[in-house]
Every structure is written in C-alpha cells, then in structure tokens.
Amino acid sequence: MDEWCRTPEESHKLLFSDLAFTTTALKRHPKVYTIWNHRRWCLESMPEGPGNADDGGAEGGEGWKMSAWSQEMIIVEKMLSMDERNFHAWDYRRYILSHCPASLKRTDSDELAYTTRHIEKNHSNFSAWHQRSLVYTKLWSEKPESRTKALLDKEFELVKQALWMAPDDQSGWMYHRWLIGNGEEPEVLEREISVIEELLEEEPESRWCLNSLVHYKRLLLQHRSGEQHQLTEDCRQSLNKLASIDKMRRQRYEGISSTL
Amino acid sequence: MTSHLRLNAVYWGLTALCVMKHKDALDREQLIDFVMSCWDEKAGAFGAHPRHDAHMLPTLSGIQILIIHDALDRLDKERVISFILSLQSPSGSFSGDRFGETDTRFCYCAVSALSLLGALDRLDINKTVEYIRKCKNFDGGYGSDVGGESHASQVFTCVGALAILNRLDEVDSETLAWWLSERQLPNGGLNGRPEKLEDVCYSFWVLSALSILNKMTWIDGPALERFILSSQDNDAGGIADRPGDMPDVWHTLFGVAGLSLLGYPGLDDLDPVYCMPKEVIERIGLRKGWVALPRRSE
C-alpha cells in the first residue's frame with residue numbers, strides 16, 4: 001500500500017472500497033481464506049483518520065477506524081446466519097471480539113446470549129457450543145469465582161435438552177464432555193451418569209449414551225475405589241454392547257475393554 | 001481461474017501418480033522447469049504460478065516436487081529457509097506470506113519444508129510447539145489458530161508437525177484418536193468435524209493422523225475403502241469429494257493416499273507425515289514411527 005498511496009485520505013478511500021469489495025465477494029465465496037484475510041488486512045491497515053461527528057463521533061483521530069470496525073460484527077453475523085457452521089466466520093468473529101476498539105467490544109454475557117440463540121435455533125450447531133465453551137473458559141480464568149455450582153447446573157440442564165431431543169447428535173455430547181472435564185467432582189459425575197442412564201432406558205441402542213457412560217464411570221473410578229469392581233463391570237458390559245451395535249469402531253471398544 | 005493453486009496442484013498430481021506407480025507419466029524436466037518458473041526472486045521462495053508472489057503453500061509444494069525428482073540442487077536453499085523463518089511471529093504461529101494470514105496449515109508447511117531441507121535446527125522448536133499446544137482443544141483436536149474449532153485438516157497439520165518435531169508427547173492420543181474415530185459416518189466416509197458431511201479428502205487428514213497415533217484400526221477400513229472407490233468417476237477417471245460429484249486432482253490425491261494407507265493392493269506406500277512417497281522420505285532419512293495397514297496382494 002505505502003508504495004502507491006501518499007496520503008491517509010487516499011489509503012482510507014481505497015481500503016473502504018476494498019472492504020466493500022470483500023463484502024460482495026464473501027456472499028458468493030463465503031469459505032475462501034484469502035477474502036477473510038484481506039478484510040483483516042484492510043482493517044489493520046486503516047490509517048489514523050479524522051475524529052468528528054461525520055465519522056462516527058470518535059475522538060483522537062479514530063474516526064475512520066471506528067467506522068470500519070463498527071460494520072464488522074454486522075457482516076459476520078450475517079454470514080453466520082447464512083451458514084451457522086462456517087468456521088471462517090466464527091474465527092473472524094473471535095478476531096473482531098479480541099481486536100476491535102474498546103467502545104465496540106461485546107461483554108461475555110452478550111456473547112453467551114449470542115451462542116444461546118444459535119443453540120436454541122439448532123442444537124446440532126457444535127460451532128456455537130464450542131464458542132460457548134471458549135467464553136466460559138476465558139471468563140473463569142479471569143474471574144474464578146464466577147464458576148459457581150448454580151451456573152454449571154444450568155449449563156448441564158441446557159445441554160440435557162439437546163441430548164434428549166437428539167441423542168444421536170454429537171454436538172451436545174461433546175459439550176457435555178467439556179462440562180464434565182477431568183471429572184473432579186464425583187457428585188456431578190454420579191448425577192450425570194444417572195441422567196444418561198435414564199436416557200439409555202428410552203434409547204437402549206444409543207451409542208453416545210453408552211460411550212459417555214464408559215468415559216464417566218472410568219473417571220468416577222478415581223473417586224470411588226470401593227466400587228471399582230462394579231464400575232469396571234459396568235464399563236465392560238457397555239463396551240460389549242457398543243462393539244455389537246457400532247461395528248465400525250469395534251476394535252476401539254475391544255481395545256479399551258482389554259485394558260480395564 | 002486456478003493459477004493461484006497451480007504449483008500445489010502439480011504436487012497433488014505427481015504424488016498421486018507416484019502412489020499409483022506412474023511417476024514418469026509427467027515429464028521430469030518439464031516439471032522441474034515449471035517449478036523453477038514459479039520462483040519469486042524478490043522473496044526467495046515459490047509462488048503458485050509464474051509471476052505470482054511467494055507464499056508458504058506453493059513453497060512447500062515446490063520443495064516436495066524437487067525432492068521427489070531428486071533435483072533439490074536447483075534450489076537456493078538459504079533464501080527459502082530465510083523466507084520461511086521470516087514468517088514466524090513472536091507467538092510461534094506462522095503466516096502464509098507478508099499479508100499475515102495465520103493458520104496452523106502454515107505451521108505444518110514451515111516445519112515440513114525446513115525438515116525436508118535439513119534445516120530444522122534453524123527453527124525455534126520450543127516456541128513452535130508451545131504455539132501448537134495453545135491450538136489444542138478439550139476434545140484432543142486442533143483448530144486453525146488459538147481458539148479455533150477442532151477440524152480434521154488442522155488435526156493433520158498439528159499432529160504432522162509434532163511428529164516431525166518428535167513431540168508427539170504433546171498429543172492427548174486417546175482422546176484425539178477417539179475424536180478421529182467419530183469422524184466415520186454410517187456410509188463409511190469420513191467427515192471433518194461433528195455433524196458435517198463426509199468428504200473423500202478426510203480419508204487422508206483423518207487417516208494420516210490415526211496412522212501417526214497407531215490407531216488406524218479404530219475405524220472401519222473396508223467401509224472407508226468402499227466409500228473412496230464409489231467416489232470415482234468411471235467415465236472420466238479421477239476421484240470426487242463424494243459419489244456422483246465431479247472429480248478433481250485434490251480429491252484424487254487424498255483418495256489415493258487414503259487407499260494406500262488402507263493397504264489397497266497395487267499401490268506404493270505413502271508417508272502420512274509428509275504426504276510423499278515413503279521410499280523418498282526413507283531415502284532422505286526422515287521416516288517417523290507411523291503405522292499403516294499392511295499392503296494386501298492383488
């Protein structure tokens with residue numbers, strides 16, 4: 001750019017024109033890496049520009065930048081409404097959230113609400129569940145006191161709805177596994193094992209129920225050594241069942257069973 | 001329309017031909033001349049096409065083609081090494097070029113290229129490994145950057161890079177191999193992430209990672225093989241992303257690569273870490289500890 005453009009005004013005009021160009025291009029080619037990257041490059045190359053009411057009222061010469069960045073979230077939300085699993089758009093969303101001017105930043109609760117809207121629209125949107133896990137991870141590392149039992153219980157309730165509505169869908173099961181984590185809380189493990197066993201009674205051929213039960217009971221073993229025999233036997237039975245209903249992954253189940 | 005990936009496509013085609021034991025179907029001298037015509041003298045690396053700017057992706061492809069044809073002496077190695085190293089940021093991530101697109105794909109390209117050039121000692125390996133660690137997700141998988149959703153192609157790039165760097169201790173093998181095994185759909189094909197469609201190219205991304213983790217038996221090999229074979233175009237030849245679609249060189253390579261790893265008879269062995277003929281990688285002493293299925297006889 002600086003080989004050809006002499007003035008900030010010229011740069012600003014060209015960059016705004018390129019941003020408009022990439023917006024049009026993205027509608028036809030929403031998954032092309034270089035278009036998304038060109039957008040970032042334009043935003044990051046935007047020169048210091050006037051700070052007056054016509055340019056969004058920003059102070060300190062940030063008018064052009066504010067004007068450019070303020071459009072980004074609208075565009076990425078439009079792209080995600082067209083394809084809710086477009087990882088380019090989700091990556092770009094994360095980029096905007098972390099790099100935009102302070103006055104345009106979204107709060108964690110705004111972002112959680114955004115993921116809730118996506119999840120309620122479609123439980124099978126793992127990209128939204130993944131984003132939700134990232135927001136919580138960031139929030140809990142900044143404010144560990146915010147990771148309360150009440151909050152976690154609510155999350156388990158939310159994902160339980162997804163599991164009951166679509167027990168064959170991986171998305172909710174993956175998020176559930178993230179919530180369980182390393183299985184440090186045996187009461188939570190036992191409660192969730194009960195929830196899944198209840199679902200298994202309704203869906204006796206559900207391999208996700210069986211898979212999760214094996215994983216969680218193995219985690220529970222670290223807390224309930226007195227129940228080792230029963231838990232191990234339960235896992236073995238679940239793995240045998242899995243080997244017969246999910247023949248594609250039979251060797252995995254047999255492999256785990258042999259290590260119990 | 002395809003000049004932006006031409007050099008990459010030549011590598012895809014050549015590698016597929018090698019695996020199918022027809023390396024000489026493309027003229028060696030013409031290939032080498034084409035590779036060298038993509039040299040960007042200003043940057044000291046390869047672009048995708050003559051007069052295109054240098055970029056990490058075609059740079060790796062150019063190096064791979066020269067090595068397959070034992071013509072690395074044509075390369076100004078020092079300049080290419082400088083180009084690659086210049087694209088690493090302080091965080092350890094790699095860009096594709098000076099315009100800053102960051103992706104674990106470029107991390108893999110950098111590590112693979114430096115390894116093939118015998119220049120891994122020039123890389124800050126710890127910094128690179130630390131960055132890859134940050135791209136790991138709870139499900140054992142890897143994303144395109146820190147915070148990115150796990151995706152099978154990024155799993156290949158990160159696991160492949162770690163294999164080259166002898167840092168597979170970084171991988172949560174049990175969890176990742178489970179996640180990879182869950183990519184197989186009832187039709188035998190593999191997808192790239194939860195609840196997405198099957199695609200032949202995942203036959204390589206997923207399978208290579210499983211091979212590196214020595215867990216290829218965790219999926220149904222015969223079912224995958226049937227899926228890849230049914231994605232062939234029996235009139236025009238080639239392999240498509242799924243049955244009934246138009247074939248292209250990309251899916252043909254990764255379909256053939258997948259078949260090779262599955263032990264399909266009549267093919268040559270492919271090294272899943274470098275996605276190059278196994279005998280080439282063994283010749284230059286870069287073989288890692290991956291395990292493919294045994295080659296079946298015809």
# chains A, B, ... in the order shown; residues from 1 in each chain; ligands from 1
>>> interface_residues(of="chain B", to="chain A", cutoff="6 Å", atoms="only C-alpha atoms", output="count of residues only")
4
>>> residues_around(residues="stretch 211-219 of chain A", least_positions_apart="6", cutoff="9 Å", atoms="only C-alpha atoms", output="PyMOL selection string")
chain A and resi 173+177+180+182-184+186+189-190+192-193+196-197+231-232+234-236+238-239+242
>>> residues_around(residues="stretch 112-121 of chain B", least_positions_apart="4", cutoff="12 Å", atoms="only C-alpha atoms", output="PyMOL selection string")
chain B and resi 45+56-68+70+72-73+75-85+105-108+125-126+128+157-166+272-276+280-288
>>> atom_distance(atom1="atom CA of A:Met66", atom2="atom CA of A:Pro101")
7.1 Å
>>> residues_around(residues="A:Val159", least_positions_apart="5", cutoff="9 Å", atoms="only C-alpha atoms", output="mmCIF file with C-alpha atoms, in the first residue's frame")
data_model
loop_
_atom_site.group_PDB
_atom_site.id
_atom_site.type_symbol
_atom_site.label_atom_id
_atom_site.label_comp_id
_atom_site.auth_asym_id
_atom_site.auth_seq_id
_atom_site.Cartn_x
_atom_site.Cartn_y
_atom_site.Cartn_z
ATOM 1 C CA HIS A 123 -28.909 -27.928 18.903
ATOM 2 C CA LYS A 154 -27.807 -24.516 34.491
ATOM 3 C CA TRP A 164 -32.844 -35.733 24.940
ATOM 4 C CA GLY A 172 -24.400 -31.825 22.736
ATOM 5 C CA TRP A 173 -22.413 -34.882 23.873
ATOM 6 C CA TYR A 175 -20.196 -30.051 25.126
ATOM 7 C CA HIS A 176 -21.383 -32.287 27.963
#
